[in-house]
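Listing of coords-v7.txt; format and content: compact mmCIF, C-alpha atoms.
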```
# COMPACT_ATOMS: atom_id res chain seq x y z
CA MET A 1 102.77 103.54 195.05
CA ARG A 2 99.99 101.06 194.29
CA ILE A 3 98.19 101.05 190.95
CA SER A 4 94.91 101.80 192.72
CA GLU A 5 96.40 104.94 194.28
CA VAL A 6 97.77 106.08 190.90
CA ALA A 7 94.30 105.53 189.37
CA ARG A 8 92.57 107.45 192.16
CA ARG A 9 94.90 110.44 191.82
CA ALA A 10 94.66 110.44 188.03
CA ASP A 11 90.88 109.96 188.17
CA VAL A 12 91.04 106.94 185.84
CA THR A 13 90.29 103.28 186.23
CA THR A 14 92.83 100.78 187.49
CA LYS A 15 92.59 98.91 184.17
CA THR A 16 93.62 102.05 182.29
CA VAL A 17 96.73 102.43 184.41
CA ARG A 18 97.65 98.78 183.86
CA TYR A 19 97.33 99.18 180.10
CA SER A 20 99.38 102.40 180.16
CA ALA A 21 102.23 100.69 182.04
CA HIS A 22 102.10 97.79 179.62
CA ASP A 23 102.24 100.12 176.62
CA ALA A 24 105.23 101.96 178.09
CA ARG A 25 107.06 98.67 178.50
CA LEU A 26 106.32 97.73 174.90
CA VAL A 27 107.77 101.02 173.73
CA ARG A 28 110.91 100.52 175.84
CA GLU A 29 111.31 96.97 174.55
CA ALA A 30 110.94 98.06 170.92
CA ARG A 31 113.54 100.78 171.42
CA GLU A 32 116.01 98.34 172.99
CA LEU A 33 115.53 95.83 170.19
CA ASN A 34 116.04 98.56 167.62
CA ARG A 35 119.24 99.61 169.38
CA LEU A 36 120.47 96.03 168.97
CA GLY A 37 119.87 96.26 165.24
CA ILE A 38 116.41 94.72 164.98
CA PRO A 39 114.22 97.06 162.89
CA VAL A 40 110.90 98.20 164.31
CA GLU A 41 108.92 96.13 161.80
CA ARG A 42 110.55 92.95 163.14
CA THR A 43 109.85 93.58 166.81
CA ARG A 44 106.29 92.24 166.63
CA PRO A 45 107.10 88.67 167.83
CA PHE A 46 108.82 90.09 170.90
CA LEU A 47 106.01 92.51 171.72
CA GLU A 48 103.37 89.83 171.22
CA CYS A 49 105.32 87.63 173.61
CA LEU A 50 105.00 90.30 176.29
CA SER A 51 101.37 90.92 175.47
CA ASN A 52 100.67 87.21 175.94
CA GLY A 53 101.78 87.48 179.54
CA ARG A 54 105.38 86.33 179.37
CA ASP A 55 107.83 87.94 181.77
CA HIS A 56 110.37 88.62 179.03
CA ALA A 57 109.96 89.58 175.40
CA ASP A 58 112.24 86.75 174.28
CA ASP A 59 110.56 83.94 176.25
CA CYS A 60 108.73 82.74 173.13
CA PRO A 61 110.02 80.57 170.24
CA SER A 62 109.07 83.29 167.77
CA SER A 63 111.35 85.71 169.61
CA LEU A 64 114.28 83.32 169.36
CA ALA A 65 113.63 83.04 165.63
CA GLY A 66 113.72 86.83 165.50
CA TYR A 67 117.15 86.84 167.11
CA ARG A 68 118.41 84.29 164.60
CA ASP A 69 117.07 86.31 161.67
CA ALA A 70 118.76 89.46 162.99
CA ILE A 71 122.06 87.62 163.43
CA ASP A 72 121.85 86.24 159.89
CA ASP A 73 121.24 89.72 158.54
CA LEU A 74 124.24 91.12 160.41
CA THR A 75 126.45 88.25 159.24
CA LEU A 76 125.53 88.98 155.64
CA ARG A 77 126.21 92.69 156.09
CA ILE A 78 129.58 91.96 157.73
CA GLU A 79 130.57 89.71 154.83
CA GLU A 80 129.52 92.33 152.30
CA LEU A 81 131.38 95.12 154.16
CA THR A 82 134.48 92.94 154.57
CA ALA A 83 134.51 92.18 150.84
CA ARG A 84 134.05 95.87 150.03
CA ARG A 85 136.84 96.80 152.44
CA SER A 86 139.19 94.30 150.77
CA VAL A 87 138.46 95.79 147.34
CA LEU A 88 139.10 99.31 148.62
CA ALA A 89 142.35 98.23 150.30
CA ARG A 90 143.50 96.60 147.08
CA HIS A 91 142.73 99.75 145.09
CA LEU A 92 144.59 101.86 147.66
CA HIS A 93 147.64 99.58 147.54
CA GLU A 94 147.71 99.50 143.75
CA ALA A 95 147.25 103.25 143.38
CA ALA A 96 149.83 104.09 146.05
CA HIS A 97 152.47 101.70 144.72
CA ARG A 98 151.86 102.24 141.01
CA ASN A 99 154.54 104.91 140.66
CA SER A 100 156.66 104.25 143.73
CA ARG A 101 158.79 101.39 142.37
CA ALA A 102 161.92 102.13 140.46
CA ALA A 103 161.49 100.97 136.89
CA ASP A 104 165.06 99.73 136.46
CA GLY A 105 166.41 99.62 140.00
CA SER A 106 168.68 102.55 139.27
CA GLY A 107 167.23 104.83 141.90
CA THR A 108 164.67 106.67 139.76
CA GLU A 109 161.48 106.39 141.74
CA GLY A 110 158.88 106.06 139.00
CA ASN A 111 157.52 108.88 136.88
CA THR A 112 155.73 110.86 139.56
CA VAL A 113 156.97 112.68 142.65
CA ASN A 114 157.38 110.22 145.52
CA HIS A 115 156.45 111.84 148.82
CA LEU A 116 158.66 109.35 150.66
CA THR A 117 161.91 110.07 148.84
CA ASP A 118 161.57 113.82 148.38
CA LEU A 119 162.73 115.49 151.60
CA PRO A 120 161.26 118.84 152.70
CA PRO A 121 163.86 121.63 152.53
CA ASP A 122 163.24 122.78 156.10
CA LEU A 123 163.82 119.53 157.99
CA PRO A 124 165.21 120.17 161.50
CA VAL A 125 168.83 119.11 161.91
CA PRO A 126 169.43 116.66 164.78
CA GLU A 127 172.01 117.72 167.36
CA ASP A 128 174.72 115.48 168.77
CA ASP A 129 173.44 114.80 172.29
CA GLY A 130 176.28 112.43 173.09
CA ALA A 131 173.95 109.42 173.23
CA ALA A 132 176.27 107.36 171.02
CA ALA A 133 179.65 108.53 172.31
CA HIS A 134 180.12 105.36 174.37
CA LEU A 135 179.67 102.96 171.46
CA PRO A 136 183.06 102.94 169.65
CA GLY A 137 185.22 100.14 171.00
CA ARG A 138 182.31 98.17 172.44
CA ALA A 139 182.11 94.46 171.69
CA VAL A 140 179.36 93.42 169.33
CA PRO A 141 176.55 91.75 171.36
CA ASP A 142 175.89 88.05 170.88
CA LEU A 143 172.52 88.51 169.19
CA GLU A 144 170.72 86.83 166.32
CA LEU A 145 168.15 88.90 164.44
CA PRO A 146 165.71 87.82 161.70
CA ASP A 147 166.38 89.21 158.25
CA THR A 148 164.32 89.77 155.13
CA ALA A 149 166.21 87.01 153.29
CA GLY A 150 164.31 84.46 155.36
CA GLY A 151 166.99 83.58 157.88
CA THR A 152 168.74 85.04 160.91
CA VAL A 153 171.96 87.01 161.23
CA SER A 154 174.38 86.53 164.11
CA LEU A 155 175.91 89.93 164.76
CA ARG A 156 178.91 88.49 166.51
CA GLY A 157 179.29 85.87 163.80
CA LEU A 158 179.58 88.26 160.87
CA GLY A 159 183.19 87.22 160.50
CA GLU A 160 186.25 89.19 159.56
CA GLY A 161 186.08 92.46 157.73
CA ARG A 162 183.74 95.40 158.09
CA SER A 163 179.99 95.27 158.33
CA ILE A 164 177.73 98.31 158.05
CA ILE A 165 174.50 98.40 160.05
CA TYR A 166 172.48 101.55 159.58
CA CYS A 167 169.72 101.87 162.16
CA TYR A 168 166.67 103.88 161.21
CA PRO A 169 163.32 104.65 162.86
CA LEU A 170 160.58 103.84 160.36
CA THR A 171 160.38 103.42 156.59
CA GLY A 172 157.15 104.91 155.29
CA ARG A 173 154.87 103.12 152.86
CA PRO A 174 153.00 104.70 149.94
CA ASP A 175 149.60 103.52 151.22
CA ALA A 176 150.03 104.73 154.80
CA ASP A 177 150.47 108.10 156.49
CA LEU A 178 153.64 108.92 158.36
CA PRO A 179 153.31 109.46 162.14
CA GLU A 180 151.84 112.76 163.26
CA GLY A 181 154.44 115.54 163.24
CA TRP A 182 157.05 113.28 161.64
CA ASN A 183 158.71 116.13 159.71
CA THR A 184 159.19 118.17 162.89
CA ILE A 185 161.13 115.48 164.78
CA PRO A 186 164.87 116.03 164.24
CA GLY A 187 166.36 113.05 162.42
CA ALA A 188 163.08 111.20 161.86
CA ARG A 189 162.28 111.88 158.20
CA GLY A 190 164.31 110.32 155.41
CA CYS A 191 164.38 106.55 155.93
CA THR A 192 163.34 105.72 152.36
CA SER A 193 165.84 108.14 150.81
CA GLU A 194 168.57 106.73 153.08
CA ALA A 195 167.76 103.18 151.96
CA CYS A 196 167.88 104.29 148.32
CA ASP A 197 171.27 105.90 148.86
CA PHE A 198 172.65 102.67 150.34
CA ARG A 199 171.11 100.81 147.40
CA ASP A 200 172.64 103.09 144.80
CA HIS A 201 176.11 102.91 146.40
CA HIS A 202 176.05 99.29 147.52
CA ASP A 203 178.65 98.16 144.99
CA ASP A 204 180.90 101.08 145.92
CA LEU A 205 180.62 100.21 149.62
CA GLU A 206 181.61 96.62 148.90
CA ALA A 207 184.55 97.79 146.80
CA ALA A 208 185.65 99.99 149.71
CA GLY A 209 185.73 97.02 152.05
CA ALA A 210 182.21 96.58 153.42
CA THR A 211 181.64 92.83 153.65
CA HIS A 212 178.02 93.23 154.73
CA VAL A 213 175.45 96.03 154.62
CA PHE A 214 172.25 95.84 156.67
CA GLY A 215 169.43 98.17 157.55
CA LEU A 216 167.94 97.71 161.04
CA SER A 217 164.67 98.91 162.51
CA SER A 218 161.95 97.89 164.96
CA GLN A 219 159.41 96.99 162.25
CA ASP A 220 158.69 93.30 161.74
CA THR A 221 160.21 91.31 158.88
CA ALA A 222 157.03 91.29 156.77
CA TYR A 223 156.86 95.10 156.90
CA GLN A 224 160.54 95.38 156.01
CA LYS A 225 160.28 92.87 153.17
CA GLU A 226 157.74 95.06 151.40
CA VAL A 227 160.28 97.88 151.50
CA VAL A 228 163.11 95.66 150.25
CA ASP A 229 160.97 94.43 147.34
CA ARG A 230 159.53 97.83 146.45
CA LEU A 231 162.86 99.65 146.52
CA ARG A 232 164.77 96.67 145.10
CA LEU A 233 167.37 96.79 147.85
CA PRO A 234 170.40 94.55 147.22
CA PHE A 235 170.92 93.98 150.95
CA PRO A 236 168.66 92.58 153.71
CA MET A 237 166.99 94.40 156.57
CA LEU A 238 167.29 93.22 160.18
CA SER A 239 164.22 93.30 162.42
CA ASP A 240 164.66 94.12 166.10
CA THR A 241 161.10 94.52 167.35
CA GLY A 242 162.20 94.01 170.94
CA PHE A 243 165.02 96.61 170.79
CA ARG A 244 167.49 93.97 171.94
CA LEU A 245 170.47 95.61 170.26
CA ALA A 246 169.50 99.02 171.62
CA ALA A 247 169.19 97.57 175.13
CA ALA A 248 172.50 95.69 174.91
CA LEU A 249 174.44 98.73 173.72
CA GLY A 250 172.46 101.58 175.25
CA MET A 251 171.58 102.97 171.83
CA PRO A 252 169.36 106.07 171.67
CA THR A 253 165.63 105.79 170.90
CA PHE A 254 162.66 108.15 170.75
CA GLU A 255 158.87 107.96 170.62
CA ALA A 256 156.39 108.90 167.89
CA ASP A 257 152.64 108.33 168.16
CA GLY A 258 153.34 106.56 171.45
CA ALA A 259 155.63 103.93 169.88
CA PRO A 260 159.37 103.60 170.57
CA LEU A 261 161.68 103.88 167.56
CA HIS A 262 165.42 103.77 166.91
CA LYS A 263 167.24 107.05 166.45
CA ARG A 264 169.11 107.14 163.18
CA LEU A 265 172.72 106.02 163.55
CA THR A 266 175.16 103.77 161.69
CA LEU A 267 177.54 101.22 163.17
CA VAL A 268 180.74 100.09 161.48
CA LEU A 269 181.60 96.65 162.89
CA ARG A 270 185.01 95.08 162.47
CA ASP A 271 186.12 91.74 163.87
CA GLY A 272 183.48 91.69 166.59
CA VAL A 273 184.00 95.29 167.74
CA ILE A 274 182.23 98.58 166.97
CA GLU A 275 184.94 100.41 165.09
CA HIS A 276 183.09 103.61 164.23
CA VAL A 277 179.70 105.24 164.76
CA PHE A 278 177.93 107.84 162.65
CA TYR A 279 175.64 109.89 164.90
CA PRO A 280 173.68 111.98 164.36
CA VAL A 281 172.99 111.19 160.71
CA PHE A 282 172.06 114.12 158.47
CA PRO A 283 171.10 114.49 155.73
CA PRO A 284 169.88 110.91 155.40
CA ASN A 285 169.59 110.94 151.62
CA THR A 286 173.40 111.19 151.20
CA HIS A 287 174.46 109.22 154.25
CA ALA A 288 175.67 106.15 152.34
CA GLN A 289 178.07 108.42 150.51
CA GLN A 290 179.34 109.69 153.86
CA VAL A 291 179.96 106.10 154.97
CA LEU A 292 181.66 105.37 151.65
CA ARG A 293 184.05 108.31 152.07
CA TRP A 294 184.95 107.14 155.56
CA LEU A 295 185.70 103.62 154.31
CA GLN A 296 187.85 105.01 151.52
CA ASP A 297 189.72 107.32 153.92
CA ASN A 298 190.21 104.55 156.48
CA PRO A 299 191.00 101.38 154.52
CA ALA A 300 191.11 98.25 156.67
CA SER A 301 194.25 97.05 154.93
CA ALA A 302 196.19 100.12 156.03
CA LEU A 303 195.06 99.69 159.61
CA SER A 304 196.07 96.03 159.60
CA ALA A 305 199.50 96.88 158.23
CA SER A 306 200.10 99.46 160.92
```
What is this structure when it is put down as structure tokens?
Amino acid sequence: MRISEVARRADVTTKTVRYSAHDARLVREARELNRLGIPVERTRPFLECLSNGRDHADDCPSSLAGYRDAIDDLTLRIEELTARRSVLARHLHEAAHRNSRAADGSGTEGNTVNHLTDLPPDLPVPEDDGAAAHLPGRAVPDLELPDTAGGTVSLRGLGEGRSIIYCYPLTGRPDADLPEGWNTIPGARGCTSEACDFRDHHDDLEAAGATHVFGLSSQDTAYQKEVVDRLRLPFPMLSDTGFRLAAALGMPTFEADGAPLHKRLTLVLRDGVIEHVFYPVFPPNTHAQQVLRWLQDNPASALSAS
């Protein structure tokens, strides 16, 4: 509809209609600029640009300067918020870790209750679904995995003797929440307490014939190293982010929060072969002692003699 027709129907002059349309555009432009983060008081250069007959509110040099000013303001705010976020993250890390480290490495987890090592009394017990029944007797895959000592470990090249690899889903951290519903997943909870049990009985395991002890999970090495340092573990962790060992052996996995994780099981390797498998593992906080009893009841020397 032409402006003249709108004016006739509204019983106003054509000039009035033109000014009304212009005012409506100014309002729309101011709203859009405000949505982009430019406050109303700084929209004047843009609106004046339109009022001076330009097709676009940012066709004028003053409008471009307005953009630059707005960008500078946002950059400053981002820097301030980033600095504030870093301070908050540091406070969170310090507060969460303050009482989570063992004072003497003996297994006493600080002087406050550690929500990662204390297991709820009603944890569901995992059932043996047969997912690991095929593993005993299988050859150890020819894989090299990064470890928290800064190198790589060749599983097939571990040499003679027995090596213990306990696979676990996810070690929690004091400054992070566990996955949603973690306590309700059979066999999920207890990775920290399991690591502590292997730490506290590491010397006993070696005395019983374990040449190597490793923990293995799908977390990256940096994540695992924090756990090794915080819990003062005397053995390294192996990182298998790509689940290469699980794929090679058909080991069981599960999902939590949409991410795949290893089911808890322990492999006893001997001379390039999987000699024994512990699956399912429960309770995790005494599992190292279970492995220790098996080593003591099945000494490698007696098997070699027979």
Met251 of chain A: which residues within 10 Å, counting only C-alpha atoms, same-chain residues fewer than 2 positions away excluded, as a PDB file with C-alpha atoms, keeping the file's coordinate frame?
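part.pdb written:
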```pdb
ATOM      1  CA  ALA A 131     173.950 109.420 173.230  1.00  0.00           C
ATOM      2  CA  ALA A 132     176.270 107.360 171.020  1.00  0.00           C
ATOM      3  CA  ALA A 133     179.650 108.530 172.310  1.00  0.00           C
ATOM      4  CA  HIS A 134     180.120 105.360 174.370  1.00  0.00           C
ATOM      5  CA  LEU A 135     179.670 102.960 171.460  1.00  0.00           C
ATOM      6  CA  CYS A 167     169.720 101.870 162.160  1.00  0.00           C
ATOM      7  CA  PHE A 243     165.020  96.610 170.790  1.00  0.00           C
ATOM      8  CA  ARG A 244     167.490  93.970 171.940  1.00  0.00           C
ATOM      9  CA  LEU A 245     170.470  95.610 170.260  1.00  0.00           C
ATOM     10  CA  ALA A 246     169.500  99.020 171.620  1.00  0.00           C
ATOM     11  CA  ALA A 247     169.190  97.570 175.130  1.00  0.00           C
ATOM     12  CA  ALA A 248     172.500  95.690 174.910  1.00  0.00           C
ATOM     13  CA  LEU A 249     174.440  98.730 173.720  1.00  0.00           C
ATOM     14  CA  THR A 253     165.630 105.790 170.900  1.00  0.00           C
ATOM     15  CA  HIS A 262     165.420 103.770 166.910  1.00  0.00           C
ATOM     16  CA  LYS A 263     167.240 107.050 166.450  1.00  0.00           C
ATOM     17  CA  ARG A 264     169.110 107.140 163.180  1.00  0.00           C
ATOM     18  CA  LEU A 265     172.720 106.020 163.550  1.00  0.00           C
TER      19      LEU A 265
END
```
Handout entry: Residues within 12 Å of Asp204 of chain A, only C-alpha atoms, excluding chain neighbours under 3 positions, as a PyMOL selection string
Key = chain A and resi 197-201+207-211+213+288-293+295-296
Handout entry: Distance of atom CA of Asp240 of chain A from atom CA of Arg162 of chain A, expressed in Å to one decimal place
Key =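 Between these atoms lies a distance of 20.7 Å.
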Problem - Val281 of chain A surroundings by all atoms listed in the file, 9 Å radius, close-in-sequence under 2 positions cut, as JSON, numbers by chain - result: {"A": [126, 187, 264, 265, 266, 278, 279, 283, 284, 287]}
Practice task
Mind giving me the straight-line distance from atom CA of Arg90 of chain A to atom CA of Glu226 of chain A in Å, one decimal?
Solution key: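 Separation of atom CA of Arg90 of chain A and atom CA of Glu226 of chain A: 15.0 Å.
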Exercise for the section: Enter the distance from atom CA of Pro136 of chain A to atom CA of Val277 of chain A, in Å, rounded to one decimal. Expected result: 6.4 Å
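Of the listed residues A:Arg77, A:His91, A:Arg173, A:Arg138, the one whose atoms come nearest to Leu269 of chain A is A:Arg138, with distances taken using all atoms listed in the file.
Nearest-residue note for Lys225 of chain A: choosing from A:Gly258, A:Gly150, A:Ser193, A:Arg156, the minimum distance belongs to A:Gly150, counting only C-alpha atoms.
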Practice task
Measuring atom to atom with all atoms listed in the file, identify which of A:Gly250, A:Glu94, A:Gly151, A:Asp142 is nearest to Pro174 of chain A.
Solution key: A:Glu94
Problem - Close residues, segment 44-60 of chain A itself excluded, 8 Å, all atoms listed in the file, min 3 positions apart in chain, as a PyMOL selection string - result: chain A and resi 26+29-30+40-41+63-64+66
Per residue of segment 125-172 of chain A within 12 Å of segment 116-120 of chain A, which atom pair is closest and at what distance in Å (one decimal), using all atoms listed in the file, listed by chain and increasing number, as CSV?
```
residue,atom,partner,partner_atom,distance
A:Val125,CA,A:Pro120,CA,11.9
A:Leu170,CA,A:Leu116,CA,11.3
A:Thr171,CA,A:Leu116,CA,8.6
A:Gly172,CA,A:Leu116,CA,6.6
```
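Considering the residues A:Ala70, A:Asp147, A:Ser62, A:Gly161 and counting only C-alpha atoms, Val228 of chain A has its shortest atom-to-atom contact with A:Asp147.
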